[in-house]
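Data block for my_file30.cif (mmCIF, C-alpha atoms):
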```cif
data_structure
loop_
_atom_site.label_atom_id
_atom_site.label_comp_id
_atom_site.auth_asym_id
_atom_site.auth_seq_id
_atom_site.Cartn_x
_atom_site.Cartn_y
_atom_site.Cartn_z
CA MET A 1 65.02 12.51 -23.71
CA ASN A 2 63.00 15.54 -24.59
CA TYR A 3 64.11 16.19 -28.19
CA TYR A 4 61.59 18.85 -29.09
CA GLY A 5 60.97 20.97 -26.01
CA ASP A 6 58.05 20.77 -23.58
CA PRO A 7 55.14 22.20 -25.61
CA ILE A 8 55.65 19.77 -28.50
CA THR A 9 56.32 16.79 -26.25
CA ARG A 10 53.19 17.54 -24.25
CA LEU A 11 51.09 17.82 -27.42
CA ILE A 12 52.52 14.54 -28.75
CA GLU A 13 51.58 12.85 -25.47
CA LYS A 14 48.06 14.28 -25.60
CA PHE A 15 47.54 13.10 -29.17
CA ALA A 16 49.03 9.68 -28.37
CA SER A 17 46.51 9.26 -25.53
CA LEU A 18 43.62 9.42 -28.03
CA PRO A 19 42.22 6.11 -29.32
CA GLY A 20 43.82 4.69 -32.46
CA ILE A 21 46.69 7.19 -32.49
CA GLY A 22 50.15 5.73 -31.91
CA ARG A 23 53.37 7.50 -31.06
CA LYS A 24 54.39 8.14 -34.68
CA SER A 25 50.99 9.46 -35.75
CA ALA A 26 50.92 11.68 -32.67
CA GLN A 27 54.29 13.14 -33.66
CA ARG A 28 53.07 13.72 -37.18
CA LEU A 29 49.89 15.40 -35.93
CA ALA A 30 51.80 17.63 -33.50
CA PHE A 31 54.13 18.88 -36.24
CA HIS A 32 51.15 19.38 -38.51
CA VAL A 33 49.47 21.54 -35.85
CA ILE A 34 52.61 23.67 -35.53
CA GLY A 35 52.58 24.15 -39.29
CA MET A 36 48.92 25.19 -39.32
CA SER A 37 47.88 28.86 -39.37
CA GLU A 38 46.73 30.58 -36.14
CA GLN A 39 43.23 30.63 -37.58
CA GLU A 40 43.18 26.91 -38.33
CA VAL A 41 44.47 26.08 -34.85
CA LYS A 42 41.74 28.25 -33.33
CA GLU A 43 39.08 26.51 -35.43
CA LEU A 44 40.34 23.11 -34.31
CA THR A 45 40.38 23.94 -30.60
CA ASP A 46 37.04 25.75 -30.81
CA ALA A 47 35.50 22.70 -32.47
CA ILE A 48 36.80 20.48 -29.65
CA ILE A 49 35.57 22.82 -26.92
CA SER A 50 32.19 23.37 -28.55
CA ALA A 51 31.59 19.65 -29.15
CA LYS A 52 32.29 18.96 -25.49
CA ARG A 53 30.25 21.91 -24.22
CA ASP A 54 27.22 21.94 -26.52
CA VAL A 55 26.55 18.27 -27.09
CA LYS A 56 24.14 16.49 -24.77
CA TYR A 57 21.73 13.56 -24.86
CA CYS A 58 18.48 13.89 -26.80
CA SER A 59 15.78 13.89 -24.11
CA VAL A 60 13.76 11.35 -26.10
CA CYS A 61 16.18 8.83 -27.65
CA CYS A 62 19.51 9.57 -25.84
CA ASN A 63 21.28 10.23 -29.15
CA LEU A 64 23.95 12.92 -28.95
CA THR A 65 22.68 16.27 -30.15
CA ASP A 66 23.19 20.00 -29.69
CA SER A 67 19.45 20.72 -29.40
CA ASP A 68 17.05 19.43 -26.74
CA ILE A 69 15.52 16.88 -29.12
CA CYS A 70 17.58 15.35 -31.94
CA PRO A 71 16.55 15.94 -35.61
CA VAL A 72 15.20 12.38 -35.98
CA CYS A 73 12.98 12.59 -32.90
CA ALA A 74 11.85 16.09 -33.88
CA SER A 75 10.85 15.06 -37.42
CA PRO A 76 7.09 14.68 -37.99
CA LYS A 77 7.85 12.56 -41.08
CA ARG A 78 9.27 9.69 -39.05
CA ASP A 79 7.25 6.78 -37.73
CA HIS A 80 7.41 7.34 -33.96
CA LYS A 81 5.75 4.01 -33.23
CA THR A 82 8.78 2.00 -34.38
CA ILE A 83 11.89 2.27 -32.22
CA MET A 84 15.25 0.81 -33.28
CA VAL A 85 17.54 0.16 -30.31
CA VAL A 86 21.24 0.67 -31.14
CA GLU A 87 24.38 0.65 -29.03
CA ASN A 88 25.80 4.03 -30.01
CA PRO A 89 25.29 7.06 -32.28
CA ARG A 90 27.66 5.64 -34.94
CA ASP A 91 25.36 2.62 -35.34
CA MET A 92 22.42 4.97 -35.67
CA ALA A 93 24.24 6.97 -38.34
CA ALA A 94 25.04 3.72 -40.17
CA TYR A 95 21.33 2.90 -40.41
CA GLU A 96 20.45 6.51 -41.32
CA LYS A 97 22.85 6.26 -44.25
CA THR A 98 20.85 3.35 -45.67
CA LYS A 99 17.90 5.78 -46.05
CA GLU A 100 15.66 2.70 -45.71
CA TYR A 101 14.57 3.09 -42.11
CA ASN A 102 11.85 5.58 -41.30
CA GLY A 103 11.26 4.88 -37.62
CA VAL A 104 13.02 6.47 -34.65
CA TYR A 105 15.92 5.26 -32.51
CA HIS A 106 16.96 4.65 -28.96
CA VAL A 107 20.67 4.86 -28.23
CA LEU A 108 21.88 2.70 -25.33
CA HIS A 109 25.44 4.08 -25.19
CA GLY A 110 26.91 0.66 -24.58
CA ALA A 111 26.02 -3.00 -24.27
CA ILE A 112 25.69 -5.20 -21.22
CA SER A 113 29.06 -6.83 -20.57
CA PRO A 114 29.71 -8.53 -17.22
CA MET A 115 33.36 -9.03 -18.27
CA ALA A 116 33.88 -5.28 -18.72
CA GLY A 117 31.75 -4.49 -15.68
CA VAL A 118 28.93 -2.92 -17.71
CA THR A 119 25.61 -3.72 -16.02
CA PRO A 120 22.08 -2.94 -17.29
CA SER A 121 22.06 0.19 -15.12
CA ASP A 122 25.14 1.54 -16.92
CA ILE A 123 23.36 1.86 -20.28
CA LYS A 124 20.29 3.91 -21.21
CA LEU A 125 17.86 1.08 -20.50
CA LYS A 126 15.77 2.79 -17.82
CA GLU A 127 15.15 5.61 -20.31
CA LEU A 128 14.02 3.07 -22.93
CA LEU A 129 11.54 1.41 -20.56
CA GLU A 130 10.11 4.76 -19.45
CA ARG A 131 9.78 5.80 -23.08
CA ILE A 132 8.00 2.55 -24.01
CA GLN A 133 5.51 3.00 -21.20
CA LYS A 134 4.84 6.58 -22.25
CA ASP A 135 4.79 6.23 -26.05
CA THR A 136 3.47 2.62 -26.38
CA PRO A 137 5.32 1.82 -29.65
CA ASP A 138 4.14 -0.86 -32.06
CA GLU A 139 7.55 -2.45 -32.55
CA ILE A 140 10.97 -2.46 -30.95
CA ILE A 141 13.77 -3.47 -33.36
CA LEU A 142 16.86 -4.65 -31.51
CA ALA A 143 19.88 -3.59 -33.60
CA THR A 144 22.64 -4.11 -31.07
CA ASN A 145 25.89 -5.49 -32.49
CA PRO A 146 26.00 -9.15 -33.58
CA ASN A 147 28.63 -10.05 -30.96
CA VAL A 148 28.43 -11.62 -27.49
CA GLU A 149 27.66 -8.37 -25.65
CA GLY A 150 25.19 -7.17 -28.27
CA GLU A 151 23.33 -10.50 -28.33
CA ALA A 152 23.19 -10.62 -24.53
CA THR A 153 21.85 -7.07 -24.44
CA ALA A 154 19.22 -7.89 -27.08
CA MET A 155 18.12 -10.98 -25.12
CA TYR A 156 17.96 -8.99 -21.89
CA ILE A 157 15.87 -6.21 -23.42
CA SER A 158 13.56 -8.63 -25.21
CA LYS A 159 12.81 -10.43 -21.91
CA LEU A 160 11.94 -7.11 -20.30
CA ILE A 161 9.71 -5.82 -23.09
CA LYS A 162 7.89 -8.90 -24.41
CA PRO A 163 5.70 -9.21 -21.28
CA LEU A 164 4.39 -5.71 -22.06
CA GLY A 165 2.79 -7.14 -25.22
CA ILE A 166 4.95 -5.15 -27.64
CA LYS A 167 6.39 -6.73 -30.79
CA VAL A 168 10.14 -7.19 -30.39
CA THR A 169 12.32 -8.05 -33.41
CA ARG A 170 16.05 -8.57 -33.98
CA ILE A 171 17.94 -7.61 -37.19
CA ALA A 172 18.85 -10.66 -39.28
CA ASN A 173 22.18 -12.49 -39.20
CA GLY A 174 23.47 -13.67 -42.55
CA VAL A 175 26.19 -13.37 -45.16
CA PRO A 176 27.12 -9.76 -45.87
CA VAL A 177 26.22 -8.48 -49.34
CA GLY A 178 29.26 -8.43 -51.62
CA GLY A 179 31.07 -10.88 -49.34
CA ASP A 180 32.62 -14.16 -50.35
CA LEU A 181 31.13 -17.32 -48.81
CA GLU A 182 34.61 -18.80 -48.62
CA TYR A 183 35.67 -16.20 -46.06
CA VAL A 184 32.48 -16.06 -44.00
CA ASP A 185 32.69 -17.73 -40.56
CA GLN A 186 30.72 -20.88 -39.78
CA VAL A 187 28.34 -19.33 -37.27
CA THR A 188 27.28 -16.70 -39.81
CA LEU A 189 26.85 -19.36 -42.52
CA THR A 190 24.67 -21.40 -40.16
CA ARG A 191 22.56 -18.35 -39.28
CA ALA A 192 22.21 -17.46 -42.97
CA LEU A 193 20.95 -20.98 -43.67
CA GLU A 194 18.49 -20.86 -40.76
CA GLY A 195 17.22 -17.49 -41.90
CA ARG A 196 16.77 -18.51 -45.57
CA ARG A 197 13.74 -17.10 -47.33
CA GLU A 198 11.69 -18.42 -50.21
CA LEU A 199 12.14 -16.55 -53.49
CA MET B 1 22.91 14.40 -43.95
CA ASN B 2 23.90 15.76 -40.59
CA TYR B 3 23.29 12.77 -38.31
CA TYR B 4 24.86 14.10 -35.15
CA GLY B 5 24.24 17.84 -35.03
CA ASP B 6 26.59 20.65 -35.95
CA PRO B 7 29.16 20.62 -33.13
CA ILE B 8 30.00 16.93 -33.60
CA THR B 9 29.95 17.11 -37.40
CA ARG B 10 32.27 20.12 -37.31
CA LEU B 11 34.68 18.36 -34.95
CA ILE B 12 34.64 15.23 -37.13
CA GLU B 13 35.50 17.39 -40.15
CA LYS B 14 38.32 19.12 -38.27
CA PHE B 15 39.82 15.80 -37.18
CA ALA B 16 39.39 14.33 -40.66
CA SER B 17 41.37 17.25 -42.12
CA LEU B 18 44.44 16.25 -40.10
CA PRO B 19 47.03 14.05 -41.84
CA GLY B 20 46.59 10.27 -41.54
CA ILE B 21 43.11 10.53 -40.02
CA GLY B 22 40.28 9.18 -42.13
CA ARG B 23 36.56 9.68 -41.76
CA LYS B 24 36.03 6.70 -39.44
CA SER B 25 38.95 7.57 -37.15
CA ALA B 26 37.76 11.18 -37.02
CA GLN B 27 34.33 9.98 -35.90
CA ARG B 28 35.88 7.78 -33.25
CA LEU B 29 38.06 10.63 -31.99
CA ALA B 30 35.13 13.06 -31.88
CA PHE B 31 33.04 10.68 -29.77
CA HIS B 32 36.05 10.04 -27.57
CA VAL B 33 36.43 13.79 -26.98
CA ILE B 34 32.76 14.05 -25.98
CA GLY B 35 33.31 11.22 -23.51
CA MET B 36 36.38 12.89 -21.97
CA SER B 37 36.17 14.94 -18.76
CA GLU B 38 36.09 18.75 -18.95
CA GLN B 39 39.61 18.76 -17.46
CA GLU B 40 40.99 16.37 -20.10
CA VAL B 41 39.44 18.41 -22.92
CA LYS B 42 40.99 21.55 -21.48
CA GLU B 43 44.42 19.88 -21.27
CA LEU B 44 44.15 18.76 -24.89
CA THR B 45 43.16 22.17 -26.27
CA ASP B 46 45.72 23.95 -24.06
CA ALA B 47 48.44 21.64 -25.38
CA ILE B 48 47.44 22.44 -28.98
CA ILE B 49 47.33 26.19 -28.35
CA SER B 50 50.58 26.23 -26.42
CA ALA B 51 52.45 24.16 -29.02
CA LYS B 52 51.35 26.57 -31.73
CA ARG B 53 52.06 29.70 -29.64
CA ASP B 54 55.30 28.83 -27.83
CA VAL B 55 57.18 26.84 -30.42
CA LYS B 56 59.52 28.66 -32.80
CA TYR B 57 62.68 28.01 -34.77
CA CYS B 58 66.00 27.70 -32.90
CA SER B 59 67.95 30.79 -33.99
CA VAL B 60 71.03 28.63 -34.66
CA CYS B 61 69.86 25.35 -36.24
CA CYS B 62 66.20 26.05 -37.16
CA ASN B 63 65.03 23.10 -35.04
CA LEU B 64 61.64 23.65 -33.39
CA THR B 65 62.02 24.70 -29.76
CA ASP B 66 60.28 26.68 -27.04
CA SER B 67 63.46 28.53 -26.03
CA ASP B 68 65.55 30.89 -28.16
CA ILE B 69 68.26 28.27 -28.72
CA CYS B 70 67.38 24.56 -28.74
CA PRO B 71 68.88 22.22 -26.08
CA VAL B 72 71.33 20.65 -28.57
CA CYS B 73 72.72 24.00 -29.77
CA ALA B 74 72.88 25.26 -26.17
CA SER B 75 74.81 22.24 -24.90
CA PRO B 76 78.58 22.87 -24.32
CA LYS B 77 79.14 19.08 -24.46
CA ARG B 78 78.29 18.86 -28.15
CA ASP B 79 80.81 19.19 -30.96
CA HIS B 80 79.74 22.44 -32.60
CA LYS B 81 82.19 21.99 -35.48
CA THR B 82 80.22 19.07 -36.95
CA ILE B 83 76.80 19.90 -38.43
CA MET B 84 74.36 17.23 -39.57
CA VAL B 85 71.85 18.55 -42.09
CA VAL B 86 68.41 16.90 -41.77
CA GLU B 87 65.08 17.52 -43.46
CA ASN B 88 62.92 17.88 -40.37
CA PRO B 89 62.87 17.68 -36.55
CA ARG B 90 61.65 14.05 -36.60
CA ASP B 91 64.80 13.03 -38.49
CA MET B 92 66.88 14.89 -35.92
CA ALA B 93 65.08 13.10 -33.09
CA ALA B 94 65.71 9.77 -34.87
CA TYR B 95 69.47 10.44 -34.83
CA GLU B 96 69.33 11.73 -31.24
CA LYS B 97 67.78 8.44 -30.19
CA THR B 98 70.83 6.54 -31.45
CA LYS B 99 72.88 8.41 -28.81
CA GLU B 100 75.86 7.95 -31.15
CA TYR B 101 76.02 11.40 -32.68
CA ASN B 102 77.63 14.18 -30.66
CA GLY B 103 77.65 17.02 -33.19
CA VAL B 104 74.95 19.59 -33.81
CA TYR B 105 72.21 19.77 -36.44
CA HIS B 106 70.73 22.00 -39.07
CA VAL B 107 67.06 21.46 -39.87
CA LEU B 108 66.03 22.35 -43.43
CA HIS B 109 62.27 21.92 -42.93
CA GLY B 110 61.84 20.28 -46.30
CA ALA B 111 63.74 19.04 -49.32
CA ILE B 112 64.12 20.57 -52.75
CA SER B 113 61.37 19.19 -54.99
CA PRO B 114 60.63 20.85 -58.32
CA MET B 115 57.62 18.52 -58.71
CA ALA B 116 56.04 19.81 -55.50
CA GLY B 117 57.17 23.37 -56.19
CA VAL B 118 59.71 23.44 -53.33
CA THR B 119 62.70 25.52 -54.41
CA PRO B 120 66.00 26.05 -52.53
CA SER B 121 64.62 29.33 -51.16
CA ASP B 122 61.69 27.50 -49.52
CA ILE B 123 63.91 25.53 -47.15
CA LYS B 124 66.31 26.78 -44.46
CA LEU B 125 69.30 26.81 -46.80
CA LYS B 126 70.18 30.50 -46.55
CA GLU B 127 70.39 30.05 -42.77
CA LEU B 128 72.74 27.08 -43.24
CA LEU B 129 75.07 29.04 -45.52
CA GLU B 130 75.15 32.03 -43.17
CA ARG B 131 75.86 29.72 -40.26
CA ILE B 132 78.69 27.98 -42.12
CA GLN B 133 80.32 31.30 -42.93
CA LYS B 134 80.04 32.42 -39.30
CA ASP B 135 80.95 29.19 -37.48
CA THR B 136 83.38 27.62 -40.04
CA PRO B 137 82.53 23.97 -39.19
CA ASP B 138 84.97 21.13 -39.86
CA GLU B 139 82.37 18.83 -41.41
CA ILE B 140 78.87 18.96 -42.86
CA ILE B 141 77.08 15.60 -42.78
CA LEU B 142 74.19 15.47 -45.25
CA ALA B 143 71.49 13.28 -43.69
CA THR B 144 68.58 14.15 -45.95
CA ASN B 145 66.26 11.25 -46.80
CA PRO B 146 67.51 8.56 -49.20
CA ASN B 147 64.84 9.36 -51.79
CA VAL B 148 64.83 11.47 -54.96
CA GLU B 149 64.15 14.80 -53.19
CA GLY B 150 66.61 14.10 -50.38
CA GLU B 151 69.37 13.06 -52.79
CA ALA B 152 68.79 16.10 -54.96
CA THR B 153 68.91 18.35 -51.91
CA ALA B 154 72.14 16.71 -50.72
CA MET B 155 73.74 17.16 -54.15
CA TYR B 156 72.63 20.79 -54.29
CA ILE B 157 74.01 21.59 -50.84
CA SER B 158 77.25 19.75 -51.48
CA LYS B 159 77.86 21.77 -54.66
CA LEU B 160 77.32 24.99 -52.70
CA ILE B 161 79.54 24.11 -49.75
CA LYS B 162 82.44 22.15 -51.25
CA PRO B 163 83.95 25.27 -52.92
CA LEU B 164 84.25 26.76 -49.41
CA GLY B 165 86.81 24.06 -48.57
CA ILE B 166 84.65 22.35 -45.96
CA LYS B 167 84.45 18.55 -45.74
CA VAL B 168 81.00 17.40 -46.90
CA THR B 169 79.86 13.82 -46.26
CA ARG B 170 76.66 11.84 -46.95
CA ILE B 171 75.26 9.10 -44.71
CA ALA B 172 75.74 5.60 -46.18
CA ASN B 173 73.24 3.68 -48.25
CA GLY B 174 73.09 -0.05 -47.59
CA VAL B 175 71.00 -2.93 -46.28
CA PRO B 176 69.16 -2.07 -43.06
CA VAL B 177 70.29 -3.95 -39.96
CA GLY B 178 67.90 -6.81 -39.14
CA GLY B 179 66.56 -6.76 -42.67
CA ASP B 180 66.32 -9.67 -45.04
CA LEU B 181 68.38 -9.45 -48.26
CA GLU B 182 65.59 -11.20 -50.11
CA TYR B 183 63.27 -8.24 -49.55
CA VAL B 184 65.76 -5.43 -50.11
CA ASP B 185 65.38 -3.53 -53.39
CA GLN B 186 68.02 -3.74 -56.10
CA VAL B 187 69.25 -0.16 -55.86
CA THR B 188 69.92 -0.58 -52.14
CA LEU B 189 71.71 -3.90 -52.76
CA THR B 190 73.89 -2.24 -55.40
CA ARG B 191 74.71 0.64 -53.08
CA ALA B 192 75.51 -1.77 -50.25
CA LEU B 193 77.91 -3.61 -52.56
CA GLU B 194 79.56 -0.38 -53.70
CA GLY B 195 79.93 0.76 -50.10
CA ARG B 196 81.43 -2.52 -48.85
CA ARG B 197 84.19 -2.25 -46.27
CA GLU B 198 87.10 -4.53 -45.41
CA LEU B 199 86.75 -6.41 -42.12
#
```
Go through the file and emit its structure as structure tokens.
Amino acid sequence: MNYYGDPITRLIEKFASLPGIGRKSAQRLAFHVIGMSEQEVKELTDAIISAKRDVKYCSVCCNLTDSDICPVCASPKRDHKTIMVVENPRDMAAYEKTKEYNGVYHVLHGAISPMAGVTPSDIKLKELLERIQKDTPDEIILATNPNVEGEATAMYISKLIKPLGIKVTRIANGVPVGGDLEYVDQVTLTRALEGRREL
Amino acid sequence: MNYYGDPITRLIEKFASLPGIGRKSAQRLAFHVIGMSEQEVKELTDAIISAKRDVKYCSVCCNLTDSDICPVCASPKRDHKTIMVVENPRDMAAYEKTKEYNGVYHVLHGAISPMAGVTPSDIKLKELLERIQKDTPDEIILATNPNVEGEATAMYISKLIKPLGIKVTRIANGVPVGGDLEYVDQVTLTRALEGRREL
């Protein structure tokens, strides 16, 4: 039954259709919105509309940006000869937060996954190859996720690029810092052992 | 640093300011919105705007509704001489879902809480008293939450209404159905014992 009237029910349904928001959270959000001031509601909807309208792909690295070229690609301080390939903008932001990487990025917007029907043509791979031929980078760092799809994507890209004579690397697998060996899975432990370095 | 550009960062901040949505979820939602179709984004923002614009208080019970009188108050099938007092519309919906209650409601939109600075004049108590004097109900069922604020609010209302000669009741405390005695707190167990009924 419709306990609240159409506008609230419709808003609850809209919120519930967003990822990670269940029925109860959607209800809570809807009632929160009704309790917000007109001004706050306008700011929220404007932010949604503007994000959808003004955000596009960076013409160099395919990161999401509101300018033609994203701040990283536009920066003269970055090393444009090193390109880190990531699956999505969140992964890029994660590496940016480390403040340890000074190269540029290429955002694939996905990973190859035959199970989910994602083929190499569905991700920004063509753009990467065109960019490599134009910019001739020194190194391509493959930082796709350490799962089946990410590994497959890294393998696929490495086979395409290596013949061009460009150095291709993959970020290391190993035990996470601050983790507890007891709770780390066996594959990771094996990789950490294989990747051991002399001190 | 601003990793994504202003429109996305602003949307992430807006989402993160909503209740129960953390930084990571807000990021996920923002990227989801960017991936939605123009039509879906429009439906979402329209739903938010319409909920804020069209929803007001029912002039009888203070429930949120898009008509002047909410469906429950407008229904001739309901027993308008029994009023259940609840803290908010979600609590009302919870009782509606039981399909066992045929009376009407009064929504307080809060509970008295000196700690949070919520006084009796901040909730819809004046409206309840005016309604009682106009409609002379047979029974007022206090269904505020079984916590400190809810109990205090119930006590406060009962002291106001009892002198008017109207029957005032409080929903029962006890062990929840399907629960496990082992995990029920001691106060609830005591209340369940006190409220025991002959079979």
Leaving out Ser113 (chain A) and any residue of its chain fewer than 6 positions from it, which residues lie within 9 Å of it when counting only C-alpha atoms, given as a tab-separated table (two decimals) with C-alpha atoms, keeping the file's coordinate frame?
```
chain	number	residue	atom	x	y	z
A	119	THR	CA	25.61	-3.72	-16.02
A	120	PRO	CA	22.08	-2.94	-17.29
A	148	VAL	CA	28.43	-11.62	-27.49
A	149	GLU	CA	27.66	-8.37	-25.65
A	150	GLY	CA	25.19	-7.17	-28.27
A	152	ALA	CA	23.19	-10.62	-24.53
A	153	THR	CA	21.85	-7.07	-24.44
```
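Nearest residue to Tyr95 (chain A) among A:Ile171, A:Gly178, A:Arg197, A:Tyr3 is A:Ile171, counting all atoms listed in the file.
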Compile the contact shell of Pro19 (chain A) as a list of chain:residue names: residues with an atom at most 8 Å away, counting all atoms listed in the file, same-chain residues fewer than 6 positions apart removed. B:Arg28, B:Leu29, B:His32
Starting from the displayed file, determine the output of the PyMOL selection byres ((chain B and resi 127) around 9) and express the residue list as a list in words.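 Those residues are Val60, Cys61, Cys62, His106, Leu108, Lys124, Leu125, Lys126, Leu128, Leu129, Glu130, Arg131 and Ile132 of chain B.
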Evaluate the PyMOL selection byres ((chain B and resi 58) around 9) on the structure here and hand back the selected residues as a PyMOL selection string. chain B and resi 56-57+59-70+73
For this structure, which residues satisfy the selection - the PyMOL selection byres ((chain B and resi 18) around 12) - when it is evaluated on the file as given? I want them as a ChimeraX atom specification. /A:15,25-26,28-36,40-41,44 /B:11-17,19-23,25-26,29
Just write the chosen residues, C-alpha atoms, as a JSON list (two decimals), in the coordinates of the input.
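That gives us part16.json:
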```json
[["chain", "number", "residue", "atom", "x", "y", "z"],
["A", 15, "PHE", "CA", 47.54, 13.10, -29.17],
["A", 25, "SER", "CA", 50.99, 9.46, -35.75],
["A", 26, "ALA", "CA", 50.92, 11.68, -32.67],
["A", 28, "ARG", "CA", 53.07, 13.72, -37.18],
["A", 29, "LEU", "CA", 49.89, 15.40, -35.93],
["A", 30, "ALA", "CA", 51.80, 17.63, -33.50],
["A", 31, "PHE", "CA", 54.13, 18.88, -36.24],
["A", 32, "HIS", "CA", 51.15, 19.38, -38.51],
["A", 33, "VAL", "CA", 49.47, 21.54, -35.85],
["A", 34, "ILE", "CA", 52.61, 23.67, -35.53],
["A", 35, "GLY", "CA", 52.58, 24.15, -39.29],
["A", 36, "MET", "CA", 48.92, 25.19, -39.32],
["A", 40, "GLU", "CA", 43.18, 26.91, -38.33],
["A", 41, "VAL", "CA", 44.47, 26.08, -34.85],
["A", 44, "LEU", "CA", 40.34, 23.11, -34.31],
["B", 11, "LEU", "CA", 34.68, 18.36, -34.95],
["B", 12, "ILE", "CA", 34.64, 15.23, -37.13],
["B", 13, "GLU", "CA", 35.50, 17.39, -40.15],
["B", 14, "LYS", "CA", 38.32, 19.12, -38.27],
["B", 15, "PHE", "CA", 39.82, 15.80, -37.18],
["B", 16, "ALA", "CA", 39.39, 14.33, -40.66],
["B", 17, "SER", "CA", 41.37, 17.25, -42.12],
["B", 19, "PRO", "CA", 47.03, 14.05, -41.84],
["B", 20, "GLY", "CA", 46.59, 10.27, -41.54],
["B", 21, "ILE", "CA", 43.11, 10.53, -40.02],
["B", 22, "GLY", "CA", 40.28, 9.18, -42.13],
["B", 23, "ARG", "CA", 36.56, 9.68, -41.76],
["B", 25, "SER", "CA", 38.95, 7.57, -37.15],
["B", 26, "ALA", "CA", 37.76, 11.18, -37.02],
["B", 29, "LEU", "CA", 38.06, 10.63, -31.99]]
```
Residues at most 7 Å from region 98-102 of chain B, counting all atoms listed in the file, excluding those fewer than 2 positions away in the same chain, as JSON, numbers by chain? {"B": [78, 79, 94, 95, 96, 104]}
